[in-house]
$ cat input_39.txt   # compact mmCIF, C-alpha atoms
# COMPACT_ATOMS: atom_id res chain seq x y z
CA ASP Q 1 20.00 28.36 -49.67
CA ALA Q 2 20.10 25.87 -52.54
CA GLY Q 3 16.71 24.43 -51.72
CA VAL Q 4 15.85 20.75 -51.60
CA ILE Q 5 18.26 18.79 -53.76
CA GLN Q 6 17.33 15.49 -55.33
CA SER Q 7 19.40 13.10 -57.38
CA PRO Q 8 19.36 11.73 -59.92
CA ARG Q 9 17.01 13.88 -62.00
CA HIS Q 10 16.27 10.97 -64.30
CA GLU Q 11 16.66 7.25 -63.78
CA VAL Q 12 15.99 4.56 -66.34
CA THR Q 13 16.34 1.01 -65.18
CA GLU Q 14 15.17 -2.46 -65.98
CA MET Q 15 12.61 -4.40 -64.06
CA GLY Q 16 14.13 -6.21 -61.11
CA GLN Q 17 16.94 -3.76 -60.57
CA GLU Q 18 17.48 -1.82 -57.36
CA VAL Q 19 16.84 1.89 -57.51
CA THR Q 20 18.05 4.44 -54.97
CA LEU Q 21 16.78 7.99 -54.93
CA ARG Q 22 18.52 10.63 -52.86
CA CYS Q 23 17.46 13.81 -51.15
CA LYS Q 24 19.15 16.63 -49.29
CA PRO Q 25 16.61 18.77 -47.41
CA ILE Q 26 16.94 22.44 -46.65
CA SER Q 27 19.29 23.01 -43.77
CA GLY Q 28 17.42 23.50 -40.52
CA HIS Q 29 14.25 21.78 -41.67
CA ASP Q 30 13.26 18.93 -39.40
CA TYR Q 31 10.52 17.36 -41.52
CA LEU Q 32 11.22 15.41 -44.68
CA PHE Q 33 8.61 13.94 -46.99
CA TRP Q 34 8.71 11.58 -49.95
CA TYR Q 35 5.88 11.97 -52.46
CA ARG Q 36 5.17 10.13 -55.70
CA GLN Q 37 3.38 11.71 -58.64
CA THR Q 38 1.63 9.83 -61.44
CA MET Q 39 -1.02 10.83 -63.92
CA MET Q 40 -3.43 8.24 -62.58
CA ARG Q 41 -3.04 8.79 -58.84
CA GLY Q 42 -1.73 12.32 -58.60
CA LEU Q 43 0.54 13.18 -55.68
CA GLU Q 44 0.76 10.55 -52.98
CA LEU Q 45 2.59 10.80 -49.70
CA LEU Q 46 4.81 7.76 -49.25
CA ILE Q 47 6.57 8.43 -45.96
CA TYR Q 48 7.70 11.27 -43.78
CA PHE Q 49 10.36 11.81 -41.15
CA ASN Q 50 10.64 14.14 -38.20
CA ASN Q 51 14.10 14.70 -36.77
CA ASN Q 52 15.36 11.78 -38.87
CA VAL Q 53 12.79 9.37 -37.40
CA PRO Q 54 10.17 7.80 -39.68
CA ILE Q 55 6.77 8.90 -38.40
CA ASP Q 56 4.32 7.52 -40.92
CA ASP Q 57 5.10 5.06 -43.69
CA SER Q 58 1.52 4.05 -44.38
CA GLY Q 59 1.78 5.36 -47.91
CA MET Q 60 4.65 3.08 -48.86
CA PRO Q 61 3.06 0.78 -51.42
CA GLU Q 62 4.90 -2.43 -50.72
CA ASP Q 63 7.80 -3.98 -48.89
CA ARG Q 64 9.83 -3.37 -52.00
CA PHE Q 65 9.98 0.27 -50.92
CA SER Q 66 12.16 1.44 -48.07
CA ALA Q 67 13.34 4.84 -46.89
CA LYS Q 68 16.05 5.96 -44.54
CA MET Q 69 17.27 9.20 -43.06
CA PRO Q 70 20.65 8.54 -41.47
CA ASN Q 71 21.16 12.22 -40.62
CA ALA Q 72 19.48 15.57 -40.88
CA SER Q 73 20.93 16.34 -44.28
CA PHE Q 74 20.32 13.16 -46.21
CA SER Q 75 17.57 10.71 -47.04
CA THR Q 76 17.19 7.83 -49.47
CA LEU Q 77 14.23 6.06 -50.99
CA LYS Q 78 15.03 2.61 -52.25
CA ILE Q 79 13.01 0.30 -54.46
CA GLN Q 80 14.14 -3.31 -54.65
CA PRO Q 81 13.22 -4.97 -56.92
CA SER Q 82 11.77 -2.31 -59.18
CA GLU Q 83 8.74 -2.92 -61.37
CA PRO Q 84 7.31 -1.03 -64.36
CA ARG Q 85 4.39 0.21 -62.26
CA ASP Q 86 6.88 2.07 -60.08
CA SER Q 87 7.50 4.46 -62.95
CA ALA Q 88 6.64 7.93 -61.68
CA VAL Q 89 8.14 11.19 -60.53
CA TYR Q 90 9.37 10.97 -56.97
CA PHE Q 91 9.57 14.18 -54.98
CA CYS Q 92 11.29 14.95 -51.77
CA ALA Q 93 10.06 17.90 -49.72
CA SER Q 94 11.11 19.44 -46.44
CA SER Q 95 9.53 21.69 -43.89
CA GLY Q 96 10.42 23.35 -40.64
CA THR Q 97 8.49 23.08 -37.40
CA GLY Q 98 6.08 25.98 -37.14
CA SER Q 99 5.68 26.22 -40.90
CA ARG Q 100 3.11 24.19 -42.76
CA LYS Q 101 4.70 25.12 -46.07
CA LEU Q 102 6.50 22.40 -48.01
CA PHE Q 103 9.58 23.04 -50.08
CA PHE Q 104 9.89 20.56 -52.91
CA GLY Q 105 12.89 19.33 -54.81
CA SER Q 106 12.84 19.09 -58.59
CA GLY Q 107 12.00 15.42 -58.46
CA THR Q 108 13.41 12.22 -59.90
CA GLN Q 109 11.77 10.91 -63.05
CA LEU Q 110 11.92 7.13 -62.72
CA SER Q 111 11.28 4.85 -65.66
CA VAL Q 112 11.32 1.10 -65.08
CA LEU Q 113 11.37 -0.85 -68.32
CA SER J 1 -10.58 9.06 -51.26
CA GLN J 2 -9.34 12.00 -49.27
CA GLN J 3 -8.01 13.66 -52.37
CA GLY J 4 -9.30 17.08 -53.11
CA GLU J 5 -11.24 17.60 -56.26
CA GLU J 6 -10.29 20.48 -58.44
CA ASP J 7 -12.06 22.03 -61.33
CA PRO J 8 -11.66 22.71 -64.04
CA GLN J 9 -9.10 20.05 -64.91
CA ALA J 10 -7.75 22.36 -67.59
CA LEU J 11 -8.16 26.05 -68.27
CA SER J 12 -6.99 27.97 -71.32
CA ILE J 13 -7.10 31.77 -71.35
CA GLN J 14 -5.50 34.80 -72.96
CA GLU J 15 -2.96 37.01 -71.26
CA GLY J 16 -4.63 39.69 -69.19
CA GLU J 17 -7.67 37.58 -68.36
CA ASN J 18 -8.42 36.28 -64.91
CA ALA J 19 -8.17 32.58 -64.05
CA THR J 20 -10.24 30.93 -61.37
CA MET J 21 -9.63 27.44 -60.04
CA ASN J 22 -11.73 25.64 -57.49
CA CYS J 23 -10.97 22.98 -54.91
CA SER J 24 -13.32 20.90 -52.81
CA TYR J 25 -12.47 18.64 -49.92
CA LYS J 26 -14.33 16.26 -47.66
CA THR J 27 -13.02 16.56 -44.13
CA SER J 28 -12.73 19.39 -41.64
CA ILE J 29 -9.46 21.23 -42.01
CA ASN J 30 -7.65 23.99 -40.20
CA ASN J 31 -5.84 25.33 -43.23
CA LEU J 32 -5.57 24.95 -46.98
CA GLN J 33 -2.65 25.67 -49.26
CA TRP J 34 -2.18 26.27 -52.96
CA TYR J 35 0.89 25.20 -54.90
CA ARG J 36 2.08 25.76 -58.45
CA GLN J 37 4.02 23.27 -60.54
CA ASN J 38 5.78 24.25 -63.72
CA SER J 39 6.34 21.49 -66.24
CA GLY J 40 9.13 19.18 -65.15
CA ARG J 41 9.64 20.95 -61.85
CA GLY J 42 8.74 20.54 -58.21
CA LEU J 43 5.81 22.23 -56.54
CA VAL J 44 6.14 25.73 -55.23
CA HIS J 45 4.07 27.04 -52.35
CA LEU J 46 1.86 29.99 -53.24
CA ILE J 47 -0.37 30.78 -50.32
CA LEU J 48 -1.89 29.35 -47.15
CA ILE J 49 -5.31 30.25 -45.81
CA ARG J 50 -6.47 29.30 -42.34
CA SER J 51 -9.91 28.04 -41.47
CA ASN J 52 -10.77 31.28 -39.67
CA GLU J 53 -9.98 33.32 -42.78
CA ARG J 54 -12.41 33.72 -45.64
CA GLU J 55 -10.13 35.50 -48.07
CA LYS J 56 -6.45 36.14 -48.50
CA HIS J 57 -4.41 38.08 -51.05
CA SER J 58 -0.86 37.80 -52.26
CA GLY J 59 0.08 39.95 -55.23
CA ARG J 60 -2.14 38.90 -58.12
CA LEU J 61 -3.45 35.92 -56.20
CA ARG J 62 -6.68 35.85 -54.26
CA VAL J 63 -7.73 32.79 -52.31
CA THR J 64 -11.08 32.22 -50.68
CA LEU J 65 -12.11 29.52 -48.27
CA ASP J 66 -15.66 28.48 -47.46
CA THR J 67 -15.51 25.92 -44.67
CA SER J 68 -19.28 25.41 -44.70
CA LYS J 69 -19.10 24.28 -48.32
CA LYS J 70 -15.69 22.67 -47.89
CA SER J 71 -14.35 24.53 -50.88
CA SER J 72 -11.66 26.98 -51.84
CA SER J 73 -10.90 29.02 -54.92
CA LEU J 74 -7.74 30.50 -56.34
CA LEU J 75 -8.05 33.57 -58.53
CA ILE J 76 -5.14 34.80 -60.60
CA THR J 77 -5.79 38.28 -61.91
CA ALA J 78 -4.31 39.81 -65.04
CA SER J 79 -2.71 36.51 -66.02
CA ARG J 80 0.61 36.30 -67.81
CA ALA J 81 2.13 33.64 -70.03
CA ALA J 82 4.51 32.87 -67.16
CA ASP J 83 1.53 31.78 -65.07
CA THR J 84 1.19 28.72 -67.30
CA ALA J 85 1.51 25.79 -64.89
CA SER J 86 -0.47 23.25 -62.91
CA TYR J 87 -2.08 24.46 -59.71
CA PHE J 88 -2.83 22.23 -56.76
CA CYS J 89 -4.73 22.71 -53.57
CA ALA J 90 -3.44 20.85 -50.52
CA PHE J 91 -4.83 20.29 -47.07
CA PRO J 92 -3.97 18.25 -43.99
CA ASN J 93 -4.82 14.57 -44.09
CA ALA J 94 -7.98 13.67 -42.25
CA GLY J 95 -7.24 13.63 -38.56
CA GLY J 96 -3.73 14.72 -39.22
CA THR J 97 -2.19 17.55 -37.33
CA SER J 98 1.35 16.89 -38.36
CA TYR J 99 3.08 19.61 -40.22
CA GLY J 100 3.25 19.02 -43.91
CA LYS J 101 1.31 15.77 -44.06
CA LEU J 102 -0.80 16.97 -46.91
CA THR J 103 -3.32 15.59 -49.33
CA PHE J 104 -3.15 17.18 -52.76
CA GLY J 105 -5.91 17.75 -55.24
CA GLN J 106 -5.64 16.46 -58.78
CA GLY J 107 -4.67 19.85 -60.07
CA THR J 108 -5.78 22.34 -62.69
CA ILE J 109 -3.64 22.79 -65.77
CA LEU J 110 -3.60 26.47 -66.66
CA THR J 111 -2.44 27.64 -70.06
CA VAL J 112 -2.10 31.36 -70.65
CA HIS J 113 -1.70 32.33 -74.29
CA PRO J 114 0.35 35.43 -75.13
$ encode --input "input_39.txt" --output "structure tokens"
Amino acid sequence: DAGVIQSPRHEVTEMGQEVTLRCKPISGHDYLFWYRQTMMRGLELLIYFNNNVPIDDSGMPEDRFSAKMPNASFSTLKIQPSEPRDSAVYFCASSGTGSRKLFFGSGTQLSVL
Amino acid sequence: SQQGEEDPQALSIQEGENATMNCSYKTSINNLQWYRQNSGRGLVHLILIRSNEREKHSGRLRVTLDTSKKSSSLLITASRAADTASYFCAFPNAGGTSYGKLTFGQGTILTVHP
């Protein structure tokens, strides 16, 4: 299996622009998680899905953030409009029912100028 | 904050030495995990220990869990340069039973010198 695939690996954008991050979970996994990592706040859970349904989005910082999972093999995290404080590494992770182990993608390094 | 606290924040050792990292948490948990993160990469699961286990081994890794003290430790024996990475403990969010909804500690940066 190729593991969790995220794209792009790096994104540089200007403040106010829309940013879309993409994730393909491991086939057969029914949980998908979006985490954000910064030096100041560490790893924070933003939102997670079970069977493509958003279960808990309490970690989403603001209405500027939205996430979707239209099918079992694809999810997006969108920031509109982006701000410099959104600069971070965004990770997608997936997990299968019965396993508490998370499999992480390589992350997207987002820089908002 | 529910975040776990890890110490030390950074650890620098020579190859062959043992490395010990500690994690403390605040709420009751039913399991605790350790992850490794190489620079510029995603986290990789190392080991999971359940609340009814006090110690668990996996290769050169030894994890302990003391639920009375709400703490865990990760020991890497006979360290190698390739062990250089950040190490994170992770545990279920308070009141959370959902798979994978984890709170991560701040991490320990381990540097192993050849």
$ interface_residues --input "input_39.txt" --of "chain J" --to "chain Q" --cutoff "9 Å" --atoms "all atoms listed in the file" --output "VMD selection string"
chain J and resid 3 33 40 to 45 47 to 48 98 to 107
$ write_last_selection --input "input_39.txt" --atoms "C-alpha atoms" --output "PDB file, in the coordinates of the input"
ATOM      1  CA  GLN J   3      -8.010  13.660 -52.370  1.00  0.00           C
ATOM      2  CA  GLN J  33      -2.650  25.670 -49.260  1.00  0.00           C
ATOM      3  CA  GLY J  40       9.130  19.180 -65.150  1.00  0.00           C
ATOM      4  CA  ARG J  41       9.640  20.950 -61.850  1.00  0.00           C
ATOM      5  CA  GLY J  42       8.740  20.540 -58.210  1.00  0.00           C
ATOM      6  CA  LEU J  43       5.810  22.230 -56.540  1.00  0.00           C
ATOM      7  CA  VAL J  44       6.140  25.730 -55.230  1.00  0.00           C
ATOM      8  CA  HIS J  45       4.070  27.040 -52.350  1.00  0.00           C
ATOM      9  CA  ILE J  47      -0.370  30.780 -50.320  1.00  0.00           C
ATOM     10  CA  LEU J  48      -1.890  29.350 -47.150  1.00  0.00           C
ATOM     11  CA  SER J  98       1.350  16.890 -38.360  1.00  0.00           C
ATOM     12  CA  TYR J  99       3.080  19.610 -40.220  1.00  0.00           C
ATOM     13  CA  GLY J 100       3.250  19.020 -43.910  1.00  0.00           C
ATOM     14  CA  LYS J 101       1.310  15.770 -44.060  1.00  0.00           C
ATOM     15  CA  LEU J 102      -0.800  16.970 -46.910  1.00  0.00           C
ATOM     16  CA  THR J 103      -3.320  15.590 -49.330  1.00  0.00           C
ATOM     17  CA  PHE J 104      -3.150  17.180 -52.760  1.00  0.00           C
ATOM     18  CA  GLY J 105      -5.910  17.750 -55.240  1.00  0.00           C
ATOM     19  CA  GLN J 106      -5.640  16.460 -58.780  1.00  0.00           C
ATOM     20  CA  GLY J 107      -4.670  19.850 -60.070  1.00  0.00           C
TER      21      GLY J 107
END
$ atom_distance --input "input_39.txt" --atom1 "atom CA of Asp30 of chain Q" --atom2 "atom CA of Phe49 of chain Q"
7.9 Å
$ atom_distance --input "input_39.txt" --atom1 "atom CA of Asn38 of chain J" --atom2 "atom CA of Cys23 of chain Q"
20.1 Å
$ atom_distance --input "input_39.txt" --atom1 "atom CA of Arg62 of chain J" --atom2 "atom CA of Tyr35 of chain Q"
27.0 Å
$ residues_near_point --input "input_39.txt" --point "(11.1, -1.1, -46.2)" --cutoff "12 Å" --atoms "all atoms listed in the file" --output "number ranges by chain"
Q: 46-47, 54, 57-68, 76-81
$ closest_residue --input "input_39.txt" --among "J:Thr64, J:Gln9, J:Asn31, J:Asn18" --to "Ala90 of chain J" --atoms "all atoms listed in the file"
J:Asn31
$ residues_around --input "input_39.txt" --residues "segment 24-26 of chain J" --least-positions-apart "6" --cutoff "6 Å" --atoms "all atoms listed in the file" --output "MDAnalysis selection string"
chainID J and resid 4:5 70:71
$ closest_residue --input "input_39.txt" --among "Q:Leu113, Q:Arg85, Q:Pro70, Q:Ile26" --to "Gln6 of chain Q" --atoms "all atoms listed in the file"
Q:Ile26
$ residues_around --input "input_39.txt" --residues "Thr20 of chain J" --least-positions-apart "2" --cutoff "9 Å" --atoms "all atoms listed in the file" --output "PyMOL selection string"
chain J and resi 8+11+18+22+73-77
$ residues_around --input "input_39.txt" --residues "Leu110 of chain Q" --least-positions-apart "4" --cutoff "8 Å" --atoms "only C-alpha atoms" --output "PDB file with C-alpha atoms, in the coordinates of the input"
ATOM      1  CA  HIS Q  10      16.270  10.970 -64.300  1.00  0.00           C
ATOM      2  CA  GLU Q  11      16.660   7.250 -63.780  1.00  0.00           C
ATOM      3  CA  VAL Q  12      15.990   4.560 -66.340  1.00  0.00           C
ATOM      4  CA  THR Q  13      16.340   1.010 -65.180  1.00  0.00           C
ATOM      5  CA  ASP Q  86       6.880   2.070 -60.080  1.00  0.00           C
ATOM      6  CA  SER Q  87       7.500   4.460 -62.950  1.00  0.00           C
ATOM      7  CA  ALA Q  88       6.640   7.930 -61.680  1.00  0.00           C
ATOM      8  CA  VAL Q  89       8.140  11.190 -60.530  1.00  0.00           C
ATOM      9  CA  TYR Q  90       9.370  10.970 -56.970  1.00  0.00           C
TER      10      TYR Q  90
END
$ closest_residue --input "input_39.txt" --among "J:Ile13, J:Ala19, J:Ile29, J:Cys89" --to "Ser72 of chain J" --atoms "all atoms listed in the file"
J:Cys89
$ closest_residue --input "input_39.txt" --among "Q:Ala2, Q:Val53, Q:Thr20, Q:Ser75" --to "Trp34 of chain Q" --atoms "all atoms listed in the file"
Q:Ser75
$ closest_residue --input "input_39.txt" --among "Q:Asn51, Q:Val112, Q:Arg22, Q:Gly3" --to "Ala72 of chain Q" --atoms "all atoms listed in the file"
Q:Asn51
$ residues_around --input "input_39.txt" --residues "Lys24 of chain Q" --least-positions-apart "3" --cutoff "6 Å" --atoms "all atoms listed in the file" --output "PyMOL selection string"
chain Q and resi 4-5+73-74
